[in-house]
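Here is target-v3.cif, consisting of mmCIF, C-alpha atoms and all ligand atoms:
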data_data
#
loop_
_atom_site.label_atom_id
_atom_site.label_comp_id
_atom_site.auth_asym_id
_atom_site.auth_seq_id
_atom_site.Cartn_x
_atom_site.Cartn_y
_atom_site.Cartn_z
CA MET K 243 8.92 -11.50 -20.50
CA MET K 244 5.84 -9.45 -19.73
CA GLY K 245 2.92 -11.32 -21.22
CA THR K 246 -0.33 -9.73 -22.11
CA ALA K 247 -1.51 -10.16 -18.54
CA ARG K 248 -2.31 -7.11 -16.49
CA PRO K 249 0.38 -6.13 -13.99
CA PRO K 250 0.00 -7.04 -10.32
CA LEU K 251 -1.88 -4.63 -8.10
CA LEU K 252 -0.01 -2.71 -5.44
CA PHE K 253 -2.18 -1.66 -2.51
CA LEU K 254 -0.52 1.33 -0.87
CA ASP K 255 -1.03 2.63 2.66
CA VAL K 256 -0.14 6.26 3.43
CA ASP K 257 0.59 6.65 7.15
CA GLY K 258 3.81 4.71 7.67
CA PRO K 259 4.93 3.92 4.12
CA LEU K 260 4.73 7.48 2.73
CA ILE K 261 4.36 9.57 5.90
CA PRO K 262 6.90 8.27 8.40
CA PHE K 263 6.07 8.62 12.09
CA GLY K 264 7.06 7.36 15.50
CA ALA K 265 10.51 8.94 15.86
CA ALA K 266 11.10 12.45 17.21
CA PRO K 267 9.42 14.97 14.85
CA GLN K 268 12.66 16.90 14.29
CA GLN K 269 14.24 13.77 12.83
CA TYR K 270 11.99 13.97 9.81
CA PRO K 271 12.97 16.21 6.92
CA THR K 272 10.16 18.16 5.33
CA TYR K 273 9.76 18.86 1.63
CA GLU K 274 8.39 21.92 -0.06
CA THR K 275 6.54 21.24 -3.29
CA HIS K 276 4.81 23.41 -5.84
CA HIS K 277 1.55 21.94 -4.70
CA GLN K 278 0.89 23.37 -1.25
CA SER K 279 -2.27 21.83 0.03
CA PRO K 280 -3.72 23.30 3.18
CA GLY K 281 -4.53 21.07 6.07
CA ASN K 282 -2.43 18.23 7.33
CA PRO K 283 1.14 19.41 8.10
CA LEU K 284 2.33 15.80 8.02
CA LEU K 285 2.02 15.93 4.23
CA ALA K 286 5.32 17.85 4.20
CA ARG K 287 7.04 14.67 5.40
CA ILE K 288 6.32 12.90 2.11
CA ASN K 289 9.46 12.77 0.02
CA PRO K 290 8.38 13.74 -3.53
CA GLU K 291 10.82 11.12 -4.87
CA HIS K 292 8.26 8.49 -3.88
CA GLY K 293 6.15 9.49 -6.85
CA ARG K 294 8.84 8.71 -9.40
CA ARG K 295 9.87 5.53 -7.64
CA LEU K 296 6.33 4.21 -7.31
CA MET K 297 5.67 4.95 -10.97
CA GLY K 298 8.75 2.91 -11.84
CA LEU K 299 7.35 -0.27 -10.31
CA PRO K 300 5.72 -2.77 -12.70
CA CYS K 301 2.31 -2.67 -11.04
CA GLU K 302 -1.05 -0.95 -10.92
CA LEU K 303 -1.04 1.36 -7.89
CA VAL K 304 -4.18 1.48 -5.74
CA TRP K 305 -4.69 3.55 -2.59
CA ALA K 306 -5.47 1.37 0.40
CA THR K 307 -5.69 3.91 3.19
CA THR K 308 -8.07 5.72 5.51
CA TRP K 309 -7.15 8.82 3.49
CA MET K 310 -9.51 7.42 0.85
CA THR K 311 -10.02 9.96 -1.95
CA ASP K 312 -8.05 12.61 -0.03
CA ALA K 313 -4.96 10.65 -1.09
CA ASN K 314 -5.70 11.53 -4.72
CA GLU K 315 -6.48 15.12 -3.83
CA CYS K 316 -3.65 15.88 -1.39
CA ILE K 317 -0.83 13.46 -2.17
CA CYS K 318 -0.85 12.70 -5.91
CA PRO K 319 -0.24 16.32 -7.04
CA ARG K 320 2.54 16.77 -4.47
CA ILE K 321 4.58 13.82 -5.65
CA GLY K 322 3.62 13.61 -9.30
CA LEU K 323 1.35 10.59 -9.28
CA PRO K 324 -1.70 10.35 -11.51
CA GLN K 325 -5.08 9.87 -9.87
CA LEU K 326 -5.26 6.29 -8.60
CA ALA K 327 -8.05 3.85 -7.89
CA VAL K 328 -9.09 3.93 -4.24
CA VAL K 329 -10.18 0.97 -2.14
CA THR K 330 -13.42 1.80 -0.34
CA TRP K 331 -13.81 0.08 3.01
CA PRO K 332 -16.98 -1.79 3.88
CA GLU K 333 -19.11 -0.86 6.85
CA PRO K 334 -17.98 -2.57 10.06
CA SER K 335 -19.66 -5.91 10.55
CA ASP K 336 -19.67 -8.86 12.96
CA LEU K 337 -16.96 -10.40 10.79
CA ASP K 338 -14.65 -7.52 11.65
CA GLU K 339 -15.11 -8.12 15.36
CA GLN K 340 -14.13 -11.74 14.92
CA ASP K 341 -11.19 -10.76 12.71
CA ALA K 342 -10.01 -8.29 15.34
CA ARG K 343 -10.20 -10.99 18.01
CA ASP K 344 -8.12 -13.20 15.72
CA GLY K 345 -5.55 -10.42 15.37
CA MET K 346 -6.27 -9.86 11.70
CA HIS K 347 -6.00 -6.40 10.19
CA TRP K 348 -9.30 -4.71 9.33
CA LYS K 349 -8.11 -4.10 5.75
CA THR K 350 -7.14 -7.67 4.92
CA ARG K 351 -10.51 -9.11 3.95
CA ALA K 352 -11.43 -6.04 1.89
CA LEU K 353 -8.16 -6.12 -0.07
CA VAL K 354 -8.55 -9.78 -1.00
CA ASP K 355 -12.10 -8.99 -2.17
CA TRP K 356 -10.89 -6.00 -4.16
CA ALA K 357 -8.09 -8.00 -5.82
CA ALA K 358 -10.69 -10.51 -7.05
CA GLY K 359 -8.09 -13.12 -7.87
CA ARG K 360 -5.42 -10.81 -9.25
CA PRO K 361 -1.88 -11.03 -7.89
CA PHE K 362 -1.17 -8.21 -5.47
CA ALA K 363 1.39 -6.64 -3.20
CA TRP K 364 0.16 -4.84 -0.10
CA VAL K 365 2.47 -2.24 1.44
CA ASP K 366 1.54 -1.24 4.99
CA ASP K 367 3.14 -0.73 8.40
CA GLU K 368 0.58 -2.86 10.27
CA ILE K 369 0.81 -6.23 8.51
CA THR K 370 1.39 -9.33 10.64
CA ASP K 371 1.71 -13.07 10.04
CA VAL K 372 -1.99 -13.44 10.87
CA ASP K 373 -2.78 -11.45 7.72
CA ARG K 374 -0.27 -13.44 5.66
CA ALA K 375 -1.81 -16.71 6.76
CA TRP K 376 -5.34 -15.55 6.03
CA VAL K 377 -4.42 -14.27 2.58
CA SER K 378 -2.61 -17.44 1.61
CA ALA K 379 -5.71 -19.41 2.60
CA HIS K 380 -8.20 -17.14 0.82
CA HIS K 381 -6.42 -15.80 -2.26
CA SER K 382 -5.61 -18.19 -5.09
CA ARG K 383 -2.88 -16.12 -6.75
CA GLN K 384 0.43 -14.64 -5.64
CA ALA K 385 0.35 -12.10 -2.83
CA LEU K 386 3.13 -10.21 -1.07
CA LEU K 387 2.19 -8.66 2.27
CA TYR K 388 5.05 -6.25 2.74
CA ARG K 389 5.51 -4.56 6.09
CA VAL K 390 7.23 -1.18 6.13
CA ASP K 391 8.86 0.29 9.24
CA PRO K 392 6.73 3.39 9.94
CA ARG K 393 9.65 5.22 11.56
CA GLN K 394 11.42 5.25 8.19
CA GLY K 395 8.76 4.88 5.55
CA LEU K 396 9.58 3.21 2.23
CA THR K 397 13.37 2.78 1.91
CA ASP K 398 15.72 1.86 -0.95
CA ALA K 399 15.73 -1.72 0.30
CA ASP K 400 11.91 -1.78 0.29
CA TYR K 401 11.77 -0.54 -3.29
CA ALA K 402 14.32 -3.14 -4.36
CA ALA K 403 12.34 -5.95 -2.72
CA LEU K 404 9.04 -4.77 -4.19
CA ASN K 405 10.54 -4.32 -7.64
CA GLU K 406 12.01 -7.81 -7.59
CA TRP K 407 8.76 -9.45 -6.48
CA LEU K 408 6.61 -7.49 -8.90
CA HIS K 409 8.86 -8.30 -11.86
CA ARG K 410 8.91 -11.97 -10.96
CA THR K 411 5.15 -12.08 -10.50
CA TYR K 412 4.33 -10.12 -13.62
CA GLY K 413 6.60 -12.33 -15.70
CA ALA K 414 5.29 -15.58 -14.27
CA PRO K 415 2.83 -17.60 -16.32
CA SER K 416 -0.62 -17.19 -14.84
CA GLN K 417 -1.73 -20.41 -13.32
CA THR K 418 -5.32 -21.47 -13.14
CA ALA K 419 -6.67 -21.51 -9.62
CA SER K 420 -7.63 -25.01 -8.58
MG MG R 1 -0.34 2.81 8.18
#
Output the file's structure as structure tokens, nothing else.
Amino acid sequence: MMGTARPPLLFLDVDGPLIPFGAAPQQYPTYETHHQSPGNPLLARINPEHGRRLMGLPCELVWATTWMTDANECICPRIGLPQLAVVTWPEPSDLDEQDARDGMHWKTRALVDWAAGRPFAWVDDEITDVDRAWVSAHHSRQALLYRVDPRQGLTDADYAALNEWLHRTYGAPSQTAS
């Protein structure tokens, strides 16, 4: 039952979810692709299957990463994703200093702004309950802050959980924020 509503957004981090890190380097397989971009050797850790699996989720994918537009340039061609929208991060402000003291992630405020009231999932390896609490207090629609283990990156179980939430959210009647 997918109404005429737009699908939920999915804000996607790169380091952690797509590029696993933290375990011994030799534990990570590397993948050759037709698109060999020079530069960061960690790109070879991205399993090209992520492209197909991300495209299969009922959502609108948006890069939410310090890679910024490099994600479109270096990652999308490697794994078969189209060019995606990119969240641009605001200049640091006094608010960020307070947020950091509160233990809130520096992306959280910007993502809620970017979503502008649309349901969203956020996939990142640095999410904590502080971010979940802030989002539930400042975002009127559904939000899933989904933490990925950076040593593994996105797993089958992660995709299953995201798929289930996105389907449920997309199919839900949109409620009016009160
Ligand atoms: Mg990360």
Original post:
At what distance in Å, to one decimal, does CA of Leu254 (chain K) lie from CA of Thr308 (chain K)?
Top reply: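 These atoms are spaced 10.8 Å apart.
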**OP:** Could you jot down the CA of Tyr412 (chain K) to CA of Asp371 (chain K) separation for me, Å, one decimal place?
**Re:** 24.0 Å
Original post:
How many Å lie between CA of Thr330 (chain K) and CA of Asn314 (chain K), rounded to one decimal?
Top reply: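 So the two atoms, CA of Thr330 (chain K) and CA of Asn314 (chain K), lie 13.2 Å apart.
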**OP:** Select the residues contacting ligand MG 1 (chain R) at a distance of at most 6 Å, based on all atoms listed in the file, then format the selection as number ranges by chain.
**Re:** K: 255-258, 366-367
Could you dump the residues just selected with C-alpha atoms as an mmCIF file, in the coordinates of the input?
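Once written, out-v7.cif looks like this:
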data_model
loop_
_atom_site.group_PDB
_atom_site.id
_atom_site.type_symbol
_atom_site.label_atom_id
_atom_site.label_comp_id
_atom_site.auth_asym_id
_atom_site.auth_seq_id
_atom_site.Cartn_x
_atom_site.Cartn_y
_atom_site.Cartn_z
ATOM 1 C CA ASP K 255 -1.030 2.630 2.660
ATOM 2 C CA VAL K 256 -0.140 6.260 3.430
ATOM 3 C CA ASP K 257 0.590 6.650 7.150
ATOM 4 C CA GLY K 258 3.810 4.710 7.670
ATOM 5 C CA ASP K 366 1.540 -1.240 4.990
ATOM 6 C CA ASP K 367 3.140 -0.730 8.400
#
With the cut-off set at 7 Å and counting all atoms listed in the file, tabulate each residue of region 336-372 of chain K with an atom at most that distance from an atom of region 382-385 of chain K, showing the nearest atom pair and its distance in Å to one decimal, ordered by chain and increasing number, as a Markdown table.
| residue | atom | partner | partner_atom | distance |
| --- | --- | --- | --- | --- |
| K:Gly359 | CA | K:Arg383 | CA | 6.1 |
| K:Arg360 | CA | K:Arg383 | CA | 6.4 |
| K:Pro361 | CA | K:Gln384 | CA | 4.8 |
| K:Phe362 | CA | K:Ala385 | CA | 4.9 |
| K:Ala363 | CA | K:Ala385 | CA | 5.6 |
Output C-alpha atoms for every residue in the selection just made, as an mmCIF file, in the frame of the given file.
data_model
loop_
_atom_site.group_PDB
_atom_site.id
_atom_site.type_symbol
_atom_site.label_atom_id
_atom_site.label_comp_id
_atom_site.auth_asym_id
_atom_site.auth_seq_id
_atom_site.Cartn_x
_atom_site.Cartn_y
_atom_site.Cartn_z
ATOM 1 C CA GLY K 359 -8.090 -13.120 -7.870
ATOM 2 C CA ARG K 360 -5.420 -10.810 -9.250
ATOM 3 C CA PRO K 361 -1.880 -11.030 -7.890
ATOM 4 C CA PHE K 362 -1.170 -8.210 -5.470
ATOM 5 C CA ALA K 363 1.390 -6.640 -3.200
#
**OP:** Have a look at K:Glu339, K:Ala403, K:Phe263, K:Asn282 and name the one nearest to Tyr388 (chain K); count only C-alpha atoms.
**Re:** K:Ala403
**OP:** Using only C-alpha atoms, find the one residue out of K:Trp331, K:Gln340, K:Val365, K:Ala265 that sits nearest to Ala352 (chain K).
**Re:**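 Selected residue with least distance to Ala352 (chain K): K:Trp331.
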Original post:
From the set K:Asn405, K:Gln269, K:Thr370, K:Thr311, which residue has the shortest atom-to-atom contact distance to Arg287 (chain K), counting only C-alpha atoms?
Top reply: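 For Arg287 (chain K), the nearest of the given residues is K:Gln269.
Minimum atom-to-atom distances from K:Leu337, K:Met297, K:Ala375, K:Met346 to Gln325 (chain K) were compared using all atoms listed in the file, and the lowest value belongs to K:Met297.
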Original post:
From the list K:Pro262, K:Gly293, K:Gly413, K:Pro283, which residue is nearest Leu326 (chain K) when using only C-alpha atoms?
Top reply: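 Closest to Leu326 (chain K), using only C-alpha atoms: K:Gly293.
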Subject >> Distance query 6 Å from (8.9, -2.2, 2.4) using all atoms listed in the file, result as a ChimeraX atom specification >> reply: /K:388-390,396,400
